[in-house]
>>> print(open('query19.pdb').read())   # PDB, N, CA and C atoms and all ligand atoms
ATOM      1  N   MET U   1      64.469  29.446  76.221
ATOM      2  CA  MET U   1      63.299  30.269  76.027
ATOM      3  C   MET U   1      63.182  31.298  77.146
ATOM      4  N   PHE U   2      63.271  30.864  78.412
ATOM      5  CA  PHE U   2      63.203  31.763  79.546
ATOM      6  C   PHE U   2      64.588  31.953  80.134
ATOM      7  N   GLN U   3      64.839  33.147  80.610
ATOM      8  CA  GLN U   3      66.131  33.440  81.216
ATOM      9  C   GLN U   3      65.890  34.102  82.559
ATOM     10  N   ARG U   4      66.637  33.662  83.539
ATOM     11  CA  ARG U   4      66.462  34.214  84.885
ATOM     12  C   ARG U   4      67.114  35.581  84.978
ATOM     13  N   ILE U   5      66.515  36.421  85.798
ATOM     14  CA  ILE U   5      67.137  37.692  86.135
ATOM     15  C   ILE U   5      67.301  37.727  87.649
ATOM     16  N   GLY U   6      68.274  38.402  88.138
ATOM     17  CA  GLY U   6      68.487  38.495  89.575
ATOM     18  C   GLY U   6      69.253  37.323  90.122
ATOM     19  N   LYS U   7      69.532  37.390  91.422
ATOM     20  CA  LYS U   7      70.327  36.359  92.080
ATOM     21  C   LYS U   7      69.468  35.218  92.604
ATOM     22  N   SER U   8      70.068  34.040  92.681
ATOM     23  CA  SER U   8      69.406  32.870  93.229
ATOM     24  C   SER U   8      69.408  32.935  94.751
ATOM     25  N   GLU U   9      68.326  32.426  95.357
ATOM     26  CA  GLU U   9      68.241  32.350  96.821
ATOM     27  C   GLU U   9      68.587  30.944  97.300
ATOM     28  N   GLY U  10      69.217  30.139  96.459
ATOM     29  CA  GLY U  10      69.520  28.760  96.801
ATOM     30  C   GLY U  10      68.711  27.838  95.919
ATOM     31  N   SER U  11      68.912  26.533  96.070
ATOM     32  CA  SER U  11      68.201  25.596  95.215
ATOM     33  C   SER U  11      67.341  24.641  96.030
ATOM     34  N   VAL U  12      66.347  24.104  95.355
ATOM     35  CA  VAL U  12      65.387  23.172  95.930
ATOM     36  C   VAL U  12      65.229  22.041  94.928
ATOM     37  N   VAL U  13      65.206  20.801  95.386
ATOM     38  CA  VAL U  13      65.003  19.671  94.477
ATOM     39  C   VAL U  13      63.560  19.190  94.593
ATOM     40  N   ILE U  14      62.891  19.124  93.434
ATOM     41  CA  ILE U  14      61.525  18.610  93.379
ATOM     42  C   ILE U  14      61.495  17.440  92.405
ATOM     43  N   SER U  15      60.407  16.691  92.447
ATOM     44  CA  SER U  15      60.213  15.593  91.504
ATOM     45  C   SER U  15      59.119  15.985  90.521
ATOM     46  N   VAL U  16      59.395  15.835  89.229
ATOM     47  CA  VAL U  16      58.405  16.159  88.204
ATOM     48  C   VAL U  16      58.167  14.905  87.371
ATOM     49  N   ASP U  17      57.004  14.312  87.526
ATOM     50  CA  ASP U  17      56.680  13.031  86.875
ATOM     51  C   ASP U  17      57.795  12.021  87.126
ATOM     52  N   GLY U  18      58.313  12.018  88.337
ATOM     53  CA  GLY U  18      59.332  11.059  88.750
ATOM     54  C   GLY U  18      60.756  11.465  88.446
ATOM     55  N   ALA U  19      60.931  12.537  87.686
ATOM     56  CA  ALA U  19      62.287  12.998  87.355
ATOM     57  C   ALA U  19      62.722  14.079  88.348
ATOM     58  N   ARG U  20      63.981  14.053  88.695
ATOM     59  CA  ARG U  20      64.528  15.026  89.640
ATOM     60  C   ARG U  20      64.772  16.353  88.908
ATOM     61  N   VAL U  21      64.226  17.431  89.452
ATOM     62  CA  VAL U  21      64.389  18.763  88.869
ATOM     63  C   VAL U  21      64.888  19.706  89.958
ATOM     64  N   THR U  22      65.940  20.442  89.651
ATOM     65  CA  THR U  22      66.447  21.431  90.589
ATOM     66  C   THR U  22      65.844  22.786  90.248
ATOM     67  N   ALA U  23      65.182  23.377  91.238
ATOM     68  CA  ALA U  23      64.557  24.691  91.068
ATOM     69  C   ALA U  23      65.266  25.676  91.980
ATOM     70  N   GLN U  24      64.987  26.930  91.772
ATOM     71  CA  GLN U  24      65.535  27.943  92.664
ATOM     72  C   GLN U  24      64.536  28.202  93.779
ATOM     73  N   ALA U  25      65.049  28.335  94.994
ATOM     74  CA  ALA U  25      64.194  28.674  96.121
ATOM     75  C   ALA U  25      63.464  29.968  95.788
ATOM     76  N   GLY U  26      62.196  30.016  96.097
ATOM     77  CA  GLY U  26      61.390  31.192  95.802
ATOM     78  C   GLY U  26      60.647  31.110  94.485
ATOM     79  N   ASP U  27      61.011  30.146  93.635
ATOM     80  CA  ASP U  27      60.280  29.931  92.393
ATOM     81  C   ASP U  27      58.871  29.450  92.703
ATOM     82  N   THR U  28      57.929  29.798  91.849
ATOM     83  CA  THR U  28      56.658  29.078  91.877
ATOM     84  C   THR U  28      56.883  27.762  91.132
ATOM     85  N   VAL U  29      55.967  26.830  91.308
ATOM     86  CA  VAL U  29      56.082  25.556  90.588
ATOM     87  C   VAL U  29      56.066  25.811  89.082
ATOM     88  N   ALA U  30      55.201  26.705  88.622
ATOM     89  CA  ALA U  30      55.137  26.996  87.186
ATOM     90  C   ALA U  30      56.465  27.563  86.682
ATOM     91  N   ALA U  31      57.047  28.481  87.407
ATOM     92  CA  ALA U  31      58.332  29.058  86.991
ATOM     93  C   ALA U  31      59.407  27.977  86.946
ATOM     94  N   ALA U  32      59.398  27.087  87.924
ATOM     95  CA  ALA U  32      60.394  26.012  87.956
ATOM     96  C   ALA U  32      60.219  25.071  86.763
ATOM     97  N   LEU U  33      58.977  24.764  86.418
ATOM     98  CA  LEU U  33      58.725  23.864  85.287
ATOM     99  C   LEU U  33      59.146  24.506  83.972
ATOM    100  N   LEU U  34      58.820  25.776  83.793
ATOM    101  CA  LEU U  34      59.222  26.472  82.569
ATOM    102  C   LEU U  34      60.741  26.604  82.491
ATOM    103  N   ALA U  35      61.378  26.918  83.612
ATOM    104  CA  ALA U  35      62.837  27.047  83.628
ATOM    105  C   ALA U  35      63.512  25.713  83.329
ATOM    106  N   ALA U  36      62.834  24.615  83.686
ATOM    107  CA  ALA U  36      63.384  23.283  83.423
ATOM    108  C   ALA U  36      63.150  22.848  81.979
ATOM    109  N   GLY U  37      62.433  23.660  81.224
ATOM    110  CA  GLY U  37      62.245  23.359  79.812
ATOM    111  C   GLY U  37      60.957  22.639  79.468
ATOM    112  N   LEU U  38      60.077  22.444  80.444
ATOM    113  CA  LEU U  38      58.812  21.794  80.120
ATOM    114  C   LEU U  38      57.952  22.716  79.274
ATOM    115  N   THR U  39      57.290  22.150  78.271
ATOM    116  CA  THR U  39      56.481  22.976  77.374
ATOM    117  C   THR U  39      54.993  22.836  77.637
ATOM    118  N   SER U  40      54.583  21.878  78.462
ATOM    119  CA  SER U  40      53.175  21.796  78.852
ATOM    120  C   SER U  40      53.100  21.246  80.266
ATOM    121  N   THR U  41      52.014  21.605  80.962
ATOM    122  CA  THR U  41      51.848  21.143  82.332
ATOM    123  C   THR U  41      50.593  20.312  82.517
ATOM    124  N   ARG U  42      49.722  20.329  81.534
ATOM    125  CA  ARG U  42      48.487  19.535  81.633
ATOM    126  C   ARG U  42      47.950  19.285  80.236
ATOM    127  N   THR U  43      46.935  18.407  80.165
ATOM    128  CA  THR U  43      46.188  18.234  78.920
ATOM    129  C   THR U  43      44.720  18.528  79.212
ATOM    130  N   THR U  44      43.996  18.945  78.184
ATOM    131  CA  THR U  44      42.592  19.296  78.379
ATOM    132  C   THR U  44      41.748  18.034  78.514
ATOM    133  N   PRO U  45      40.617  18.136  79.257
ATOM    134  CA  PRO U  45      39.755  16.959  79.462
ATOM    135  C   PRO U  45      39.078  16.488  78.188
ATOM    136  N   VAL U  46      38.760  17.368  77.256
ATOM    137  CA  VAL U  46      37.981  16.982  76.078
ATOM    138  C   VAL U  46      38.868  16.488  74.940
ATOM    139  N   SER U  47      39.820  17.295  74.502
ATOM    140  CA  SER U  47      40.599  16.921  73.318
ATOM    141  C   SER U  47      41.975  16.338  73.660
ATOM    142  N   GLY U  48      42.414  16.535  74.899
ATOM    143  CA  GLY U  48      43.749  16.069  75.264
ATOM    144  C   GLY U  48      44.855  16.992  74.777
ATOM    145  N   ALA U  49      44.476  18.194  74.361
ATOM    146  CA  ALA U  49      45.471  19.158  73.872
ATOM    147  C   ALA U  49      46.370  19.625  75.019
ATOM    148  N   PRO U  50      47.655  19.811  74.738
ATOM    149  CA  PRO U  50      48.571  20.267  75.795
ATOM    150  C   PRO U  50      48.331  21.733  76.137
ATOM    151  N   ARG U  51      48.534  22.061  77.403
ATOM    152  CA  ARG U  51      48.412  23.433  77.889
ATOM    153  C   ARG U  51      49.618  23.753  78.750
ATOM    154  N   ALA U  52      49.939  25.039  78.837
ATOM    155  CA  ALA U  52      51.088  25.480  79.632
ATOM    156  C   ALA U  52      50.707  26.741  80.390
ATOM    157  N   PRO U  53      51.447  27.066  81.447
ATOM    158  CA  PRO U  53      51.179  28.299  82.179
ATOM    159  C   PRO U  53      51.161  29.484  81.223
ATOM    160  N   TYR U  54      50.201  30.381  81.446
ATOM    161  CA  TYR U  54      50.048  31.518  80.547
ATOM    162  C   TYR U  54      50.128  32.845  81.302
ATOM    163  N   CYS U  55      49.226  33.051  82.250
ATOM    164  CA  CYS U  55      49.164  34.374  82.900
ATOM    165  C   CYS U  55      50.174  34.505  84.036
ATOM    166  N   MET U  56      50.507  33.412  84.679
ATOM    167  CA  MET U  56      51.447  33.384  85.809
ATOM    168  C   MET U  56      50.963  34.213  86.994
ATOM    169  N   MET U  57      49.646  34.419  87.092
ATOM    170  CA  MET U  57      49.125  35.176  88.234
ATOM    171  C   MET U  57      47.769  34.673  88.714
ATOM    172  N   GLY U  58      47.447  33.424  88.424
ATOM    173  CA  GLY U  58      46.259  32.823  89.006
ATOM    174  C   GLY U  58      44.945  33.098  88.314
ATOM    175  N   VAL U  59      44.967  33.542  87.093
ATOM    176  CA  VAL U  59      43.735  33.912  86.408
ATOM    177  C   VAL U  59      43.285  32.865  85.382
ATOM    178  N   CYS U  60      44.198  32.321  84.595
ATOM    179  CA  CYS U  60      43.805  31.527  83.426
ATOM    180  C   CYS U  60      43.590  30.032  83.708
ATOM    181  N   PHE U  61      44.113  29.509  84.759
ATOM    182  CA  PHE U  61      43.994  28.086  85.134
ATOM    183  C   PHE U  61      44.614  27.136  84.108
ATOM    184  N   GLU U  62      45.510  27.618  83.296
ATOM    185  CA  GLU U  62      46.188  26.748  82.325
ATOM    186  C   GLU U  62      47.323  25.956  82.969
ATOM    187  N   CYS U  63      47.666  26.268  84.186
ATOM    188  CA  CYS U  63      48.849  25.670  84.825
ATOM    189  C   CYS U  63      48.500  24.556  85.806
ATOM    190  N   LEU U  64      47.287  24.020  85.750
ATOM    191  CA  LEU U  64      46.879  23.028  86.744
ATOM    192  C   LEU U  64      47.782  21.789  86.708
ATOM    193  N   VAL U  65      48.225  21.388  87.892
ATOM    194  CA  VAL U  65      49.061  20.200  88.050
ATOM    195  C   VAL U  65      48.629  19.477  89.321
ATOM    196  N   THR U  66      49.162  18.298  89.500
ATOM    197  CA  THR U  66      48.958  17.559  90.738
ATOM    198  C   THR U  66      50.213  17.732  91.589
ATOM    199  N   ILE U  67      50.032  18.199  92.801
ATOM    200  CA  ILE U  67      51.164  18.403  93.711
ATOM    201  C   ILE U  67      50.935  17.583  94.971
ATOM    202  N   ASP U  68      51.879  16.723  95.268
ATOM    203  CA  ASP U  68      51.782  15.846  96.436
ATOM    204  C   ASP U  68      50.417  15.171  96.510
ATOM    205  N   ASP U  69      50.004  14.602  95.380
ATOM    206  CA  ASP U  69      48.769  13.825  95.245
ATOM    207  C   ASP U  69      47.490  14.646  95.309
ATOM    208  N   VAL U  70      47.572  15.940  95.282
ATOM    209  CA  VAL U  70      46.386  16.797  95.263
ATOM    210  C   VAL U  70      46.284  17.441  93.881
ATOM    211  N   GLY U  71      45.187  17.149  93.166
ATOM    212  CA  GLY U  71      45.018  17.654  91.811
ATOM    213  C   GLY U  71      44.479  19.070  91.760
ATOM    214  N   ASN U  72      44.457  19.611  90.547
ATOM    215  CA  ASN U  72      43.897  20.939  90.289
ATOM    216  C   ASN U  72      44.599  22.053  91.055
ATOM    217  N   ARG U  73      45.881  21.934  91.257
ATOM    218  CA  ARG U  73      46.629  23.004  91.946
ATOM    219  C   ARG U  73      47.170  23.965  90.896
ATOM    220  N   GLN U  74      47.080  25.237  91.181
ATOM    221  CA  GLN U  74      47.587  26.251  90.252
ATOM    222  C   GLN U  74      49.089  26.413  90.480
ATOM    223  N   ALA U  75      49.862  25.906  89.563
ATOM    224  CA  ALA U  75      51.316  25.892  89.705
ATOM    225  C   ALA U  75      51.914  27.290  89.801
ATOM    226  N   CYS U  76      51.233  28.272  89.245
ATOM    227  CA  CYS U  76      51.796  29.628  89.260
ATOM    228  C   CYS U  76      51.639  30.320  90.599
ATOM    229  N   LEU U  77      50.862  29.734  91.507
ATOM    230  CA  LEU U  77      50.621  30.380  92.797
ATOM    231  C   LEU U  77      51.300  29.664  93.958
ATOM    232  N   ILE U  78      51.934  28.538  93.682
ATOM    233  CA  ILE U  78      52.476  27.711  94.768
ATOM    234  C   ILE U  78      53.996  27.692  94.698
ATOM    235  N   PRO U  79      54.658  28.108  95.760
ATOM    236  CA  PRO U  79      56.121  28.080  95.748
ATOM    237  C   PRO U  79      56.657  26.651  95.867
ATOM    238  N   VAL U  80      57.793  26.399  95.250
ATOM    239  CA  VAL U  80      58.405  25.074  95.358
ATOM    240  C   VAL U  80      58.895  24.852  96.788
ATOM    241  N   SER U  81      58.922  23.587  97.177
ATOM    242  CA  SER U  81      59.514  23.232  98.459
ATOM    243  C   SER U  81      60.271  21.925  98.291
ATOM    244  N   GLU U  82      61.263  21.721  99.104
ATOM    245  CA  GLU U  82      62.126  20.550  99.006
ATOM    246  C   GLU U  82      61.298  19.270  99.045
ATOM    247  N   GLY U  83      61.542  18.389  98.078
ATOM    248  CA  GLY U  83      60.880  17.089  98.042
ATOM    249  C   GLY U  83      59.479  17.096  97.463
ATOM    250  N   MET U  84      59.009  18.228  97.021
ATOM    251  CA  MET U  84      57.661  18.327  96.441
ATOM    252  C   MET U  84      57.548  17.390  95.246
ATOM    253  N   ARG U  85      56.409  16.708  95.116
ATOM    254  CA  ARG U  85      56.168  15.821  93.982
ATOM    255  C   ARG U  85      55.125  16.449  93.066
ATOM    256  N   VAL U  86      55.530  16.757  91.856
ATOM    257  CA  VAL U  86      54.657  17.402  90.876
ATOM    258  C   VAL U  86      54.398  16.414  89.745
ATOM    259  N   GLU U  87      53.138  16.300  89.364
ATOM    260  CA  GLU U  87      52.774  15.443  88.228
ATOM    261  C   GLU U  87      51.969  16.258  87.229
ATOM    262  N   MET U  88      52.239  16.049  85.958
ATOM    263  CA  MET U  88      51.453  16.687  84.921
ATOM    264  C   MET U  88      50.026  16.170  85.027
ATOM    265  N   GLN U  89      49.060  17.045  84.850
ATOM    266  CA  GLN U  89      47.674  16.648  84.980
ATOM    267  C   GLN U  89      47.115  16.284  83.620
ATOM    268  N   LYS U  90      46.642  15.065  83.497
ATOM    269  CA  LYS U  90      46.101  14.591  82.223
ATOM    270  C   LYS U  90      44.585  14.546  82.323
ATOM    271  N   GLY U  91      43.924  15.428  81.562
ATOM    272  CA  GLY U  91      42.465  15.501  81.629
ATOM    273  C   GLY U  91      42.018  16.136  82.921
ATOM    274  N   LYS U  92      40.818  15.771  83.357
ATOM    275  CA  LYS U  92      40.296  16.399  84.567
ATOM    276  C   LYS U  92      40.619  15.554  85.802
ATOM    277  N   ARG U  93      40.604  16.209  86.919
ATOM    278  CA  ARG U  93      40.734  15.540  88.219
ATOM    279  C   ARG U  93      39.520  15.903  89.016
ATOM    280  N   GLU U  94      39.151  15.038  89.907
ATOM    281  CA  GLU U  94      38.024  15.348  90.791
ATOM    282  C   GLU U  94      38.491  16.384  91.809
ATOM    283  N   ALA U  95      37.609  17.274  92.201
ATOM    284  CA  ALA U  95      37.955  18.304  93.183
ATOM    285  C   ALA U  95      38.396  17.640  94.483
ATOM    286  N   GLY U  96      39.447  18.155  95.067
ATOM    287  CA  GLY U  96      39.927  17.656  96.352
ATOM    288  C   GLY U  96      40.748  16.399  96.265
ATOM    289  N   ARG U  97      41.099  15.931  95.065
ATOM    290  CA  ARG U  97      41.913  14.723  94.932
ATOM    291  C   ARG U  97      43.204  15.048  94.252
TER     292      ARG U  97
HETATM  293  S1  LIG U 101      49.351  30.412  84.690
HETATM  294 FE1  LIG U 101      47.379  31.281  84.683
HETATM  295  S2  LIG U 101      46.465  30.538  86.504
HETATM  296 FE2  LIG U 101      48.491  29.791  86.549
END
>>> encode(input="query19.pdb", output="structure tokens", more="lines below")
Ligand code: FES
Amino acid sequence: MFQRIGKSEGSVVISVDGARVTAQAGDTVAAALLAAGLTSTRTTPVSGAPRAPYCMMGVCFECLVTIDDVGNRQACLIPVSEGMRVEMQKGKREAGR
């Protein structure tokens, strides 16, 4: 679905729901998840419907994930880093957790 353009700056290994995913250095978490083939990053609190990154610039909040045990992080604004642990967010999370 997505195709990279330009050269890679190296690779970074992150964990996504416990699975090892290799991302490119400089990727945002959202870009890395989409490049890895994930089709959703969270579910809604009310209906449980799947959601995926949409705007990729911090506006829509569809990309919320849990990163290193901190919920409600906007995956499109956070660059990947070695050893980062990303979890799909199911429903709502309390602020600051
Ligand atoms: S994709 Fe819209 S805020 Fe992240």
>>> closest_residue(input="query19.pdb", among="U:Ala75, U:Ile67, U:Met88, U:Val80", to="Ala23 in chain U", atoms="only C-alpha atoms")
U:Val80
>>> residues_around(input="query19.pdb", residues="Tyr54 in chain U", least_positions_apart="6", cutoff="12 Å", atoms="only C-alpha atoms", output="PyMOL selection string")
chain U and resi 30-31+34+39-41+60-64+74-76
>>> write_last_selection(input="query19.pdb", atoms="N, CA and C atoms", output="PDB file, in the frame of the given file")
ATOM      1  N   ALA U  30      55.201  26.705  88.622  1.00  0.00           N
ATOM      2  CA  ALA U  30      55.137  26.996  87.186  1.00  0.00           C
ATOM      3  C   ALA U  30      56.465  27.563  86.682  1.00  0.00           C
ATOM      4  N   ALA U  31      57.047  28.481  87.407  1.00  0.00           N
ATOM      5  CA  ALA U  31      58.332  29.058  86.991  1.00  0.00           C
ATOM      6  C   ALA U  31      59.407  27.977  86.946  1.00  0.00           C
ATOM      7  N   LEU U  34      58.820  25.776  83.793  1.00  0.00           N
ATOM      8  CA  LEU U  34      59.222  26.472  82.569  1.00  0.00           C
ATOM      9  C   LEU U  34      60.741  26.604  82.491  1.00  0.00           C
ATOM     10  N   THR U  39      57.290  22.150  78.271  1.00  0.00           N
ATOM     11  CA  THR U  39      56.481  22.976  77.374  1.00  0.00           C
ATOM     12  C   THR U  39      54.993  22.836  77.637  1.00  0.00           C
ATOM     13  N   SER U  40      54.583  21.878  78.462  1.00  0.00           N
ATOM     14  CA  SER U  40      53.175  21.796  78.852  1.00  0.00           C
ATOM     15  C   SER U  40      53.100  21.246  80.266  1.00  0.00           C
ATOM     16  N   THR U  41      52.014  21.605  80.962  1.00  0.00           N
ATOM     17  CA  THR U  41      51.848  21.143  82.332  1.00  0.00           C
ATOM     18  C   THR U  41      50.593  20.312  82.517  1.00  0.00           C
ATOM     19  N   CYS U  60      44.198  32.321  84.595  1.00  0.00           N
ATOM     20  CA  CYS U  60      43.805  31.527  83.426  1.00  0.00           C
ATOM     21  C   CYS U  60      43.590  30.032  83.708  1.00  0.00           C
ATOM     22  N   PHE U  61      44.113  29.509  84.759  1.00  0.00           N
ATOM     23  CA  PHE U  61      43.994  28.086  85.134  1.00  0.00           C
ATOM     24  C   PHE U  61      44.614  27.136  84.108  1.00  0.00           C
ATOM     25  N   GLU U  62      45.510  27.618  83.296  1.00  0.00           N
ATOM     26  CA  GLU U  62      46.188  26.748  82.325  1.00  0.00           C
ATOM     27  C   GLU U  62      47.323  25.956  82.969  1.00  0.00           C
ATOM     28  N   CYS U  63      47.666  26.268  84.186  1.00  0.00           N
ATOM     29  CA  CYS U  63      48.849  25.670  84.825  1.00  0.00           C
ATOM     30  C   CYS U  63      48.500  24.556  85.806  1.00  0.00           C
ATOM     31  N   LEU U  64      47.287  24.020  85.750  1.00  0.00           N
ATOM     32  CA  LEU U  64      46.879  23.028  86.744  1.00  0.00           C
ATOM     33  C   LEU U  64      47.782  21.789  86.708  1.00  0.00           C
ATOM     34  N   GLN U  74      47.080  25.237  91.181  1.00  0.00           N
ATOM     35  CA  GLN U  74      47.587  26.251  90.252  1.00  0.00           C
ATOM     36  C   GLN U  74      49.089  26.413  90.480  1.00  0.00           C
ATOM     37  N   ALA U  75      49.862  25.906  89.563  1.00  0.00           N
ATOM     38  CA  ALA U  75      51.316  25.892  89.705  1.00  0.00           C
ATOM     39  C   ALA U  75      51.914  27.290  89.801  1.00  0.00           C
ATOM     40  N   CYS U  76      51.233  28.272  89.245  1.00  0.00           N
ATOM     41  CA  CYS U  76      51.796  29.628  89.260  1.00  0.00           C
ATOM     42  C   CYS U  76      51.639  30.320  90.599  1.00  0.00           C
TER      43      CYS U  76
END
>>> axis_aligned_box(input="query19.pdb", around="ligand LIG 101 (chain U)", padding_each_side="4 Å", output="JSON")
{"center_x": 47.9, "center_y": 30.5, "center_z": 85.6, "size_x": 10.9, "size_y": 9.5, "size_z": 9.9}
>>> resolve_selection(input="query19.pdb", expression="the PyMOL selection byres (((chain U and resi 35 and name CA) around 10) and not hetatm and name CA)", output="VMD selection string")
chain U and resid 1 to 4 21 to 24 27 29 to 34 36 to 39
>>> select_by_dssp(input="query19.pdb", residues="range 24-75 of chain U", states="strand (DSSP E or B)", output="list in words")
Gln24, Thr28, Arg42, Thr43, Pro50, Arg51, Leu64, Val65, Thr66, Ile67, Val70, Gly71, Asn72, Arg73 and Gln74 of chain U
>>> closest_residue(input="query19.pdb", among="U:Glu82, U:Arg73, U:Val65, U:Pro53", to="ligand LIG 101 (chain U)", atoms="only N, CA and C atoms and all ligand atoms")
U:Pro53
>>> atom_distance(input="query19.pdb", atom1="atom S1 of ligand LIG 101 (chain U)", atom2="atom C of Asn72 in chain U")
11.5 Å
